[in-house]
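Undergrad: My structure is in query15.cif, and what it holds is mmCIF, C-alpha atoms:
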data_model
loop_
_atom_site.label_atom_id
_atom_site.label_comp_id
_atom_site.auth_asym_id
_atom_site.auth_seq_id
_atom_site.Cartn_x
_atom_site.Cartn_y
_atom_site.Cartn_z
CA MET Z 1 1.37 -11.43 25.87
CA GLY Z 2 -0.59 -12.11 29.05
CA GLY Z 3 -4.29 -12.43 29.63
CA GLY Z 4 -5.29 -9.32 31.55
CA LYS Z 5 -7.23 -7.42 28.89
CA GLY Z 6 -10.58 -9.00 29.73
CA GLY Z 7 -13.76 -8.40 27.83
CA ALA Z 8 -17.35 -7.29 28.26
CA ASP Z 9 -20.80 -7.90 26.83
CA PHE Z 10 -21.56 -4.15 26.80
CA ASP Z 11 -22.90 -3.19 23.36
CA PRO Z 12 -21.93 0.40 22.43
CA LYS Z 13 -24.42 0.56 19.56
CA GLY Z 14 -27.18 3.00 20.32
CA LYS Z 15 -25.46 4.28 23.47
CA SER Z 16 -24.60 7.93 24.07
CA ASP Z 17 -21.03 9.17 24.51
CA ASN Z 18 -21.74 9.65 28.21
CA GLU Z 19 -23.04 6.10 28.66
CA ILE Z 20 -19.95 4.70 26.94
CA ARG Z 21 -17.64 6.91 29.01
CA LYS Z 22 -19.29 5.77 32.25
CA PHE Z 23 -18.95 2.12 31.25
CA CYS Z 24 -15.27 2.53 30.30
CA THR Z 25 -14.57 4.27 33.60
CA GLU Z 26 -16.16 1.51 35.67
CA PHE Z 27 -14.61 -1.24 33.56
CA MET Z 28 -11.15 0.27 34.11
CA ARG Z 29 -11.79 0.50 37.86
CA GLU Z 30 -11.26 -3.27 38.02
CA LEU Z 31 -9.06 -3.74 34.94
CA SER Z 32 -6.46 -1.26 36.25
CA ARG Z 33 -5.55 -3.77 38.97
CA HIS Z 34 -4.45 -6.32 36.37
CA ILE Z 35 -2.60 -4.29 33.71
CA GLY Z 36 0.49 -2.06 33.62
CA ALA Z 37 3.61 -1.22 31.62
CA ASP Z 38 5.43 -4.20 33.18
CA THR Z 39 2.40 -6.48 33.56
CA ASP Z 40 0.10 -6.56 30.57
CA VAL Z 41 -0.59 -4.04 27.81
CA PRO Z 42 -4.07 -4.58 26.34
CA ALA Z 43 -5.42 -3.39 23.01
CA GLY Z 44 -8.95 -2.65 21.90
CA ASP Z 45 -10.96 -5.13 19.87
CA ILE Z 46 -14.48 -5.27 18.45
CA GLY Z 47 -16.42 -2.10 19.24
CA VAL Z 48 -13.39 -0.31 20.68
CA GLY Z 49 -11.94 2.71 18.87
CA GLY Z 50 -9.95 5.81 19.71
CA ARG Z 51 -12.79 7.29 21.75
CA GLU Z 52 -13.07 4.26 24.02
CA ILE Z 53 -9.29 3.97 24.43
CA GLY Z 54 -9.23 7.62 25.44
CA TYR Z 55 -11.90 7.05 28.09
CA LEU Z 56 -10.08 3.95 29.36
CA PHE Z 57 -6.70 5.69 29.46
CA GLY Z 58 -8.14 8.66 31.37
CA ALA Z 59 -9.68 6.30 33.92
CA TYR Z 60 -6.39 4.38 34.24
CA LYS Z 61 -4.52 7.60 35.02
CA LYS Z 62 -7.12 8.45 37.65
CA TYR Z 63 -7.05 5.08 39.41
CA ARG Z 64 -3.29 4.41 39.17
CA ASN Z 65 -2.00 8.00 39.23
CA ALA Z 66 0.35 7.06 36.40
CA PHE Z 67 0.86 8.35 32.86
CA GLU Z 68 2.32 5.35 31.05
CA GLY Z 69 1.89 3.49 27.78
CA VAL Z 70 -0.43 0.87 29.15
CA LEU Z 71 -3.01 0.80 26.35
CA THR Z 72 -2.48 0.22 22.62
CA GLY Z 73 -4.31 2.58 20.29
CA LYS Z 74 -3.98 5.82 22.23
CA GLY Z 75 -4.29 9.20 20.55
CA LEU Z 76 -1.13 11.12 19.64
CA ASP Z 77 -1.84 13.65 22.41
CA TRP Z 78 -1.30 11.02 25.11
CA GLY Z 79 1.52 8.87 23.82
CA GLY Z 80 0.04 7.13 20.80
CA SER Z 81 1.96 6.07 17.70
CA LEU Z 82 1.83 7.47 14.19
CA ILE Z 83 -0.09 5.29 11.66
CA ARG Z 84 -1.34 3.05 14.49
CA PRO Z 85 -4.82 2.72 12.87
CA GLU Z 86 -3.22 1.60 9.59
CA ALA Z 87 -0.66 -0.78 11.10
CA THR Z 88 -2.57 -4.06 11.26
CA GLY Z 89 -4.24 -3.83 7.85
CA TYR Z 90 -1.07 -2.65 6.12
CA GLY Z 91 1.01 -5.29 7.91
CA LEU Z 92 -1.39 -8.01 6.82
CA VAL Z 93 -1.08 -7.03 3.17
CA TYR Z 94 2.72 -6.71 3.38
CA TYR Z 95 2.83 -10.22 4.85
CA VAL Z 96 0.70 -11.62 2.03
CA SER Z 97 2.92 -9.82 -0.48
CA HIS Z 98 5.85 -11.85 0.84
CA MET Z 99 3.72 -15.03 0.67
CA ILE Z 100 2.94 -14.37 -2.99
CA HIS Z 101 6.57 -13.52 -3.80
CA TYR Z 102 7.81 -16.70 -2.11
CA ALA Z 103 5.20 -19.02 -3.61
CA SER Z 104 5.60 -17.67 -7.14
CA ASN Z 105 9.40 -17.36 -7.07
CA GLY Z 106 9.02 -13.61 -7.45
CA LEU Z 107 6.89 -13.82 -10.60
CA GLU Z 108 3.60 -12.59 -9.07
CA SER Z 109 2.35 -9.85 -6.77
CA PHE Z 110 -0.96 -8.34 -5.65
CA LYS Z 111 -1.33 -6.79 -9.10
CA GLY Z 112 -4.32 -8.28 -10.90
CA LYS Z 113 -5.45 -10.42 -7.94
CA THR Z 114 -9.05 -10.54 -6.67
CA VAL Z 115 -9.27 -10.20 -2.90
CA ALA Z 116 -12.20 -11.00 -0.60
CA ILE Z 117 -12.06 -9.17 2.74
CA SER Z 118 -14.42 -9.54 5.69
CA GLY Z 119 -15.04 -6.82 8.23
CA SER Z 120 -15.24 -3.06 7.73
CA GLY Z 121 -13.33 -1.71 10.73
CA ASN Z 122 -9.79 -0.36 10.84
CA VAL Z 123 -8.10 -3.63 9.84
CA ALA Z 124 -10.39 -4.31 6.89
CA GLN Z 125 -10.40 -0.70 5.70
CA TYR Z 126 -6.64 -0.32 5.59
CA ALA Z 127 -6.03 -3.84 4.25
CA ALA Z 128 -8.41 -2.98 1.40
CA LEU Z 129 -6.74 0.37 0.74
CA LYS Z 130 -3.26 -1.15 0.61
CA ALA Z 131 -4.39 -4.06 -1.60
CA ILE Z 132 -6.00 -1.58 -4.01
CA GLU Z 133 -2.82 0.52 -3.99
CA LEU Z 134 -0.83 -2.58 -4.95
CA GLY Z 135 -3.07 -3.28 -7.94
CA ALA Z 136 -5.60 -5.79 -6.56
CA THR Z 137 -9.37 -5.72 -6.91
CA VAL Z 138 -11.16 -5.94 -3.54
CA VAL Z 139 -14.53 -7.61 -4.04
CA SER Z 140 -16.10 -7.66 -0.56
CA LEU Z 141 -16.43 -6.00 2.84
CA SER Z 142 -18.77 -7.03 5.64
CA ASP Z 143 -20.00 -6.36 9.15
CA SER Z 144 -22.12 -8.16 11.75
CA LYS Z 145 -25.31 -7.47 9.77
CA GLY Z 146 -24.26 -8.65 6.30
CA VAL Z 147 -21.84 -8.44 3.38
CA LEU Z 148 -21.27 -6.25 0.33
CA ILE Z 149 -20.31 -8.30 -2.74
CA ALA Z 150 -19.02 -6.58 -5.88
CA LYS Z 151 -20.97 -7.22 -9.08
CA HIS Z 152 -19.33 -8.11 -12.39
CA HIS Z 153 -15.86 -6.57 -12.62
CA HIS Z 154 -16.43 -3.80 -10.10
CA GLY Z 155 -14.41 -3.51 -6.91
CA VAL Z 156 -14.24 -1.54 -3.70
CA THR Z 157 -12.80 1.95 -4.21
CA PRO Z 158 -10.93 4.23 -1.78
CA GLU Z 159 -13.92 6.60 -1.99
CA LEU Z 160 -16.29 3.85 -0.86
CA ILE Z 161 -13.96 2.92 1.99
CA ALA Z 162 -14.00 6.56 3.12
CA GLU Z 163 -17.82 6.45 3.14
CA ILE Z 164 -17.77 3.24 5.16
CA ALA Z 165 -15.29 4.70 7.66
CA GLU Z 166 -17.61 7.67 8.18
CA LEU Z 167 -20.55 5.30 8.55
CA LYS Z 168 -18.77 3.25 11.21
CA LEU Z 169 -17.92 6.37 13.21
CA LYS Z 170 -21.67 6.94 13.42
CA ARG Z 171 -22.15 3.34 14.67
CA LYS Z 172 -24.16 2.37 11.60
CA SER Z 173 -24.01 -0.79 9.50
CA LEU Z 174 -23.37 -1.49 5.83
CA VAL Z 175 -27.07 -1.94 5.21
CA ASP Z 176 -27.46 1.81 5.82
CA LEU Z 177 -24.87 2.47 3.13
CA HIS Z 178 -26.45 0.11 0.65
CA SER Z 179 -29.94 1.50 1.23
CA VAL Z 180 -28.80 4.60 -0.68
CA LYS Z 181 -29.74 3.82 -4.27
CA GLY Z 182 -27.59 4.66 -7.25
CA ASP Z 183 -23.94 3.85 -7.82
CA ILE Z 184 -23.49 1.57 -4.78
CA ALA Z 185 -26.62 -0.47 -5.48
CA ALA Z 186 -25.59 -0.79 -9.12
CA LYS Z 187 -22.11 -2.10 -8.34
CA PHE Z 188 -22.64 -4.15 -5.16
CA THR Z 189 -25.05 -6.76 -3.85
CA TYR Z 190 -25.88 -6.62 -0.15
CA ILE Z 191 -26.57 -10.01 1.43
CA PRO Z 192 -27.97 -9.75 4.98
CA GLY Z 193 -26.66 -12.13 7.63
CA ALA Z 194 -23.93 -13.50 5.35
CA ARG Z 195 -20.15 -13.70 5.18
CA PRO Z 196 -18.27 -13.35 1.89
CA TRP Z 197 -16.52 -16.68 1.60
CA THR Z 198 -19.09 -18.75 -0.32
CA HIS Z 199 -20.18 -16.13 -2.85
CA PHE Z 200 -17.40 -16.30 -5.45
CA HIS Z 201 -16.70 -18.57 -8.39
CA LYS Z 202 -13.19 -17.19 -8.90
CA LEU Z 203 -11.00 -15.68 -6.21
CA ASP Z 204 -7.26 -15.39 -5.49
CA ILE Z 205 -6.88 -14.13 -1.91
CA ALA Z 206 -9.04 -14.27 1.23
CA LEU Z 207 -8.36 -11.98 4.19
CA PRO Z 208 -10.62 -12.55 7.22
CA CYS Z 209 -10.51 -9.24 9.14
CA ALA Z 210 -13.67 -9.34 11.23
CA THR Z 211 -13.79 -11.69 14.20
CA GLN Z 212 -12.82 -15.08 15.62
CA ASN Z 213 -13.85 -18.34 13.89
CA GLU Z 214 -15.30 -16.49 10.90
CA VAL Z 215 -14.16 -19.05 8.32
CA SER Z 216 -15.69 -22.49 8.81
CA GLY Z 217 -14.58 -25.77 7.26
CA HIS Z 218 -17.40 -25.55 4.71
CA GLU Z 219 -16.41 -22.00 3.80
CA ALA Z 220 -12.75 -22.99 3.50
CA HIS Z 221 -13.64 -25.70 0.99
CA ALA Z 222 -15.65 -23.10 -0.96
CA LEU Z 223 -12.62 -20.81 -1.05
CA VAL Z 224 -10.37 -23.62 -2.27
CA LYS Z 225 -12.92 -24.48 -4.95
CA ALA Z 226 -12.92 -20.81 -6.05
CA GLY Z 227 -9.16 -21.01 -6.59
CA VAL Z 228 -7.92 -19.17 -3.50
CA LYS Z 229 -4.18 -19.67 -3.00
CA TYR Z 230 -3.48 -17.20 -0.20
CA VAL Z 231 -5.30 -16.85 3.12
CA ALA Z 232 -4.09 -14.63 5.96
CA GLU Z 233 -5.87 -13.62 9.16
CA GLY Z 234 -6.26 -9.97 10.04
CA SER Z 235 -8.66 -10.99 12.79
CA ASN Z 236 -7.67 -12.97 15.87
CA MET Z 237 -8.01 -16.70 15.09
CA GLY Z 238 -10.22 -15.98 12.07
CA CYS Z 239 -10.17 -19.57 10.81
CA THR Z 240 -11.65 -22.53 12.65
CA LYS Z 241 -9.64 -25.73 13.13
CA GLU Z 242 -11.68 -27.34 10.34
CA ALA Z 243 -10.88 -24.44 7.99
CA ILE Z 244 -7.16 -24.71 8.69
CA GLU Z 245 -7.27 -28.46 8.01
CA ALA Z 246 -9.05 -27.82 4.69
CA PHE Z 247 -6.44 -25.27 3.63
CA GLU Z 248 -3.56 -27.53 4.66
CA GLU Z 249 -5.07 -30.48 2.81
CA SER Z 250 -5.34 -28.36 -0.34
CA ARG Z 251 -1.79 -27.02 0.05
CA ILE Z 252 -0.25 -30.47 0.52
CA SER Z 253 -2.25 -31.91 -2.37
CA SER Z 254 -1.28 -29.13 -4.79
CA THR Z 255 2.38 -29.23 -3.73
CA SER Z 256 2.57 -33.00 -4.15
CA THR Z 257 0.86 -32.88 -7.52
CA SER Z 258 3.27 -30.27 -8.81
CA LYS Z 259 6.17 -32.57 -7.91
CA GLY Z 260 4.54 -35.64 -9.37
CA ILE Z 261 4.13 -37.23 -5.92
CA GLN Z 262 0.82 -38.77 -4.89
CA THR Z 263 -0.22 -38.45 -1.26
CA PRO Z 264 -1.85 -41.39 0.53
#
Can the structure from this file be put into structure tokens for me?
TA:
Amino acid sequence: MGGGKGGADFDPKGKSDNEIRKFCTEFMRELSRHIGADTDVPAGDIGVGGREIGYLFGAYKKYRNAFEGVLTGKGLDWGGSLIRPEATGYGLVYYVSHMIHYASNGLESFKGKTVAISGSGNVAQYAALKAIELGATVVSLSDSKGVLIAKHHHGVTPELIAEIAELKLKRKSLVDLHSVKGDIAAKFTYIPGARPWTHFHKLDIALPCATQNEVSGHEAHALVKAGVKYVAEGSNMGCTKEAIEAFEESRISSTSTSKGIQTP
């Protein structure tokens, strides 16, 4: 919906609230010239939460002398929407629910499915919560430092997601969570520097919810080999071109086989 949102190589990890506020203020000094209610309405992405949107919105009001809905993800006190944090993750799972219903002629649902999810931000957290609510077993979450993989028949729980959400508010990584011995270490394996897609022998659904190009062609073939039938992107352009081709090749092959038609 336009290209004015821009981006930055500023890393908020390890920065104080004041340093982040100053960056947001200066970033909006230029960005405010390119966005507006009738021009372009940007949303936050990696590393941008409610705090940063608040800083950006305050700076926009200062530079433009306007109180308008120009940023997605605002707090309720300045024009934000109810359940905005949940919207993308919930919407992703609702969409996949329709995929499953359509592909199975209404005979299947999320119930009993195993789901691999990447990421551990808002999208991943709420996608996992909704999938669990619908009866699925979520077997992975990840961040830029590594991935948590469920052992045996364990899965991610709402309680663990709450712990992860608290961890992310403190700008910490999953390795800090897993370093606490006990229940988490017993039920999950932490693999540093990895993504979840190649670590399963049996899987039903894959939901990339972390970043762009996070599923490669090699990883897509691994997912197909593991039995994945449903893939949906919670992240922006989560699958590479090679991954999409691998999924399409598998879909066409399985569809043709079920109809007794051989593809060239």
Undergrad: Which one is closest to Z:Ala8: Z:Ile53, Z:Leu31, Z:Ala222, Z:Met99? Count all atoms listed in the file.
TA: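 Smallest separation from Z:Ala8 among the options: Z:Leu31.
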Undergrad: Excluding Z:Ile205 and its own-chain neighbours fewer than 6 positions away, which residues fall within 6 Å of it when counting all atoms listed in the file? Please give them as a PDB file with C-alpha atoms, keeping the file's coordinate frame.
TA:
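Saved file result_15.pdb follows:
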ATOM      1  CA  VAL Z 115      -9.270 -10.200  -2.900  1.00  0.00           C
ATOM      2  CA  VAL Z 228      -7.920 -19.170  -3.500  1.00  0.00           C
ATOM      3  CA  TYR Z 230      -3.480 -17.200  -0.200  1.00  0.00           C
ATOM      4  CA  VAL Z 231      -5.300 -16.850   3.120  1.00  0.00           C
TER       5      VAL Z 231
END
Undergrad: Residues at most 10 Å from Z:Arg195, counting all atoms listed in the file, excluding those fewer than 4 positions away in the same chain, as a list of chain:residue names?
TA: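 Counting only the stated atoms, we get Z:Ile117, Z:Ser118, Z:Gly119, Z:Ser140, Z:Leu141, Z:Ser142, Z:Asp143, Z:Ser144, Z:Lys145, Z:Gly146, Z:Val147, Z:Leu148, Z:Ile149, Z:Ile191, Z:His199, Z:Pro208, Z:Ala210, Z:Glu214, Z:Val215, Z:Glu219.
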Undergrad: Generate the output file for the selected residues, C-alpha atoms, as a PDB file, keeping the file's coordinate frame.
TA:
ATOM      1  CA  ILE Z 117     -12.060  -9.170   2.740  1.00  0.00           C
ATOM      2  CA  SER Z 118     -14.420  -9.540   5.690  1.00  0.00           C
ATOM      3  CA  GLY Z 119     -15.040  -6.820   8.230  1.00  0.00           C
ATOM      4  CA  SER Z 140     -16.100  -7.660  -0.560  1.00  0.00           C
ATOM      5  CA  LEU Z 141     -16.430  -6.000   2.840  1.00  0.00           C
ATOM      6  CA  SER Z 142     -18.770  -7.030   5.640  1.00  0.00           C
ATOM      7  CA  ASP Z 143     -20.000  -6.360   9.150  1.00  0.00           C
ATOM      8  CA  SER Z 144     -22.120  -8.160  11.750  1.00  0.00           C
ATOM      9  CA  LYS Z 145     -25.310  -7.470   9.770  1.00  0.00           C
ATOM     10  CA  GLY Z 146     -24.260  -8.650   6.300  1.00  0.00           C
ATOM     11  CA  VAL Z 147     -21.840  -8.440   3.380  1.00  0.00           C
ATOM     12  CA  LEU Z 148     -21.270  -6.250   0.330  1.00  0.00           C
ATOM     13  CA  ILE Z 149     -20.310  -8.300  -2.740  1.00  0.00           C
ATOM     14  CA  ILE Z 191     -26.570 -10.010   1.430  1.00  0.00           C
ATOM     15  CA  HIS Z 199     -20.180 -16.130  -2.850  1.00  0.00           C
ATOM     16  CA  PRO Z 208     -10.620 -12.550   7.220  1.00  0.00           C
ATOM     17  CA  ALA Z 210     -13.670  -9.340  11.230  1.00  0.00           C
ATOM     18  CA  GLU Z 214     -15.300 -16.490  10.900  1.00  0.00           C
ATOM     19  CA  VAL Z 215     -14.160 -19.050   8.320  1.00  0.00           C
ATOM     20  CA  GLU Z 219     -16.410 -22.000   3.800  1.00  0.00           C
TER      21      GLU Z 219
END
Undergrad: Using all atoms listed in the file, determine which residues lie at most 7 Å from Z:Ala43, disregarding the query and same-chain residues fewer than 4 positions distant; provide the list as a PyMOL selection string.
TA: chain Z and resi 71-73
Undergrad: Applying 9 Å and all atoms listed in the file, which residues near Z:Thr137 remain after dropping the ones on its own chain fewer than 5 positions away? List them as a list in words.
TA: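 The contact residues come out as Phe110, Lys111, Gly112, Lys113, Thr114, Val115, Ala116, Ala128, Ala131, Ile132, His153, His154, Gly155, Val156 and Thr157 of chain Z.
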Undergrad: How would you write, as JSON, numbers by chain, the residues chosen by the PyMOL selection byres ((chain Z and resi 94) around 12) on this structure?
TA: {"Z": [86, 87, 88, 89, 90, 91, 92, 93, 95, 96, 97, 98, 99, 100, 101, 109, 110, 126, 127, 128, 130, 131, 133, 134, 232, 234]}
Undergrad: Which residues come within 12 Å of Z:Thr25, counting all atoms listed in the file, excluding same-chain residues fewer than 6 positions away, as number ranges by chain?
TA: Z: 18-19, 31-32, 52-63
Undergrad: Have a look at atom CA of Z:Gln212 and atom CA of Z:Glu233 and let me know their distance in Å, one decimal.
TA: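 Calculated distance between atom CA of Z:Gln212 and atom CA of Z:Glu233 is 9.6 Å.
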Undergrad: To one decimal in Å, tell me the separation between atom CA of Z:Ser173 and atom CA of Z:Ile20.
TA: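 That distance, rounded to one decimal, is 18.7 Å.
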Undergrad: Could you tell me which of Z:Ile35, Z:Ala185, Z:Ala226, Z:Ala165 comes closest to Z:Lys151 if we count all atoms listed in the file?
TA: Z:Ala185
Undergrad: Find, counting all atoms listed in the file, the residue in Z:Ser104, Z:Thr189, Z:Asn122, Z:Asn236 that gets nearest to Z:Ile83.
TA: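 The closest residue to Z:Ile83 is Z:Asn122.
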Undergrad: When you draw a straight line from atom CA of Z:Gly217 to atom CA of Z:Asp45, how long is it in Å?
TA: 24.5 Å
Undergrad: When you count only C-alpha atoms, which of these residues is closest to Z:Ala162: Z:Lys15, Z:Ala103, Z:Gly121, Z:Gly50?
TA: Z:Gly121
Undergrad: Running the PyMOL selection byres ((chain Z and resi 244) around 12) on this model by hand, what would come out? Give it as number ranges by chain.
TA: Z: 213-221, 223-224, 231-233, 237-243, 245-251
Undergrad: Those selected residues, please, written with C-alpha atoms and delivered as a CSV table (one decimal), in the coordinates of the input.
TA:
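So part18.csv came out as:
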chain,number,residue,atom,x,y,z
Z,213,ASN,CA,-13.8,-18.3,13.9
Z,214,GLU,CA,-15.3,-16.5,10.9
Z,215,VAL,CA,-14.2,-19.0,8.3
Z,216,SER,CA,-15.7,-22.5,8.8
Z,217,GLY,CA,-14.6,-25.8,7.3
Z,218,HIS,CA,-17.4,-25.6,4.7
Z,219,GLU,CA,-16.4,-22.0,3.8
Z,220,ALA,CA,-12.8,-23.0,3.5
Z,221,HIS,CA,-13.6,-25.7,1.0
Z,223,LEU,CA,-12.6,-20.8,-1.0
Z,224,VAL,CA,-10.4,-23.6,-2.3
Z,231,VAL,CA,-5.3,-16.8,3.1
Z,232,ALA,CA,-4.1,-14.6,6.0
Z,233,GLU,CA,-5.9,-13.6,9.2
Z,237,MET,CA,-8.0,-16.7,15.1
Z,238,GLY,CA,-10.2,-16.0,12.1
Z,239,CYS,CA,-10.2,-19.6,10.8
Z,240,THR,CA,-11.6,-22.5,12.6
Z,241,LYS,CA,-9.6,-25.7,13.1
Z,242,GLU,CA,-11.7,-27.3,10.3
Z,243,ALA,CA,-10.9,-24.4,8.0
Z,245,GLU,CA,-7.3,-28.5,8.0
Z,246,ALA,CA,-9.0,-27.8,4.7
Z,247,PHE,CA,-6.4,-25.3,3.6
Z,248,GLU,CA,-3.6,-27.5,4.7
Z,249,GLU,CA,-5.1,-30.5,2.8
Z,250,SER,CA,-5.3,-28.4,-0.3
Z,251,ARG,CA,-1.8,-27.0,0.0
Undergrad: From the options Z:Glu108, Z:Glu166, Z:Asp77, Z:Glu26, which residue's atoms come nearest to Z:Ser120, counting all atoms listed in the file?
TA: Z:Glu166
Undergrad: Quick one: which residues end up in the PyMOL selection byres ((chain Z and resi 13) around 9) for this structure, as an MDAnalysis selection string?
TA: chainID Z and resid 11:12 14:16 47 171:172
Undergrad: Would you export the selected residues with C-alpha atoms as an mmCIF file, keeping the file's coordinate frame, please?
TA:
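Full text of again.cif as output:
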data_model
loop_
_atom_site.group_PDB
_atom_site.id
_atom_site.type_symbol
_atom_site.label_atom_id
_atom_site.label_comp_id
_atom_site.auth_asym_id
_atom_site.auth_seq_id
_atom_site.Cartn_x
_atom_site.Cartn_y
_atom_site.Cartn_z
ATOM 1 C CA ASP Z 11 -22.900 -3.190 23.360
ATOM 2 C CA PRO Z 12 -21.930 0.400 22.430
ATOM 3 C CA GLY Z 14 -27.180 3.000 20.320
ATOM 4 C CA LYS Z 15 -25.460 4.280 23.470
ATOM 5 C CA SER Z 16 -24.600 7.930 24.070
ATOM 6 C CA GLY Z 47 -16.420 -2.100 19.240
ATOM 7 C CA ARG Z 171 -22.150 3.340 14.670
ATOM 8 C CA LYS Z 172 -24.160 2.370 11.600
#
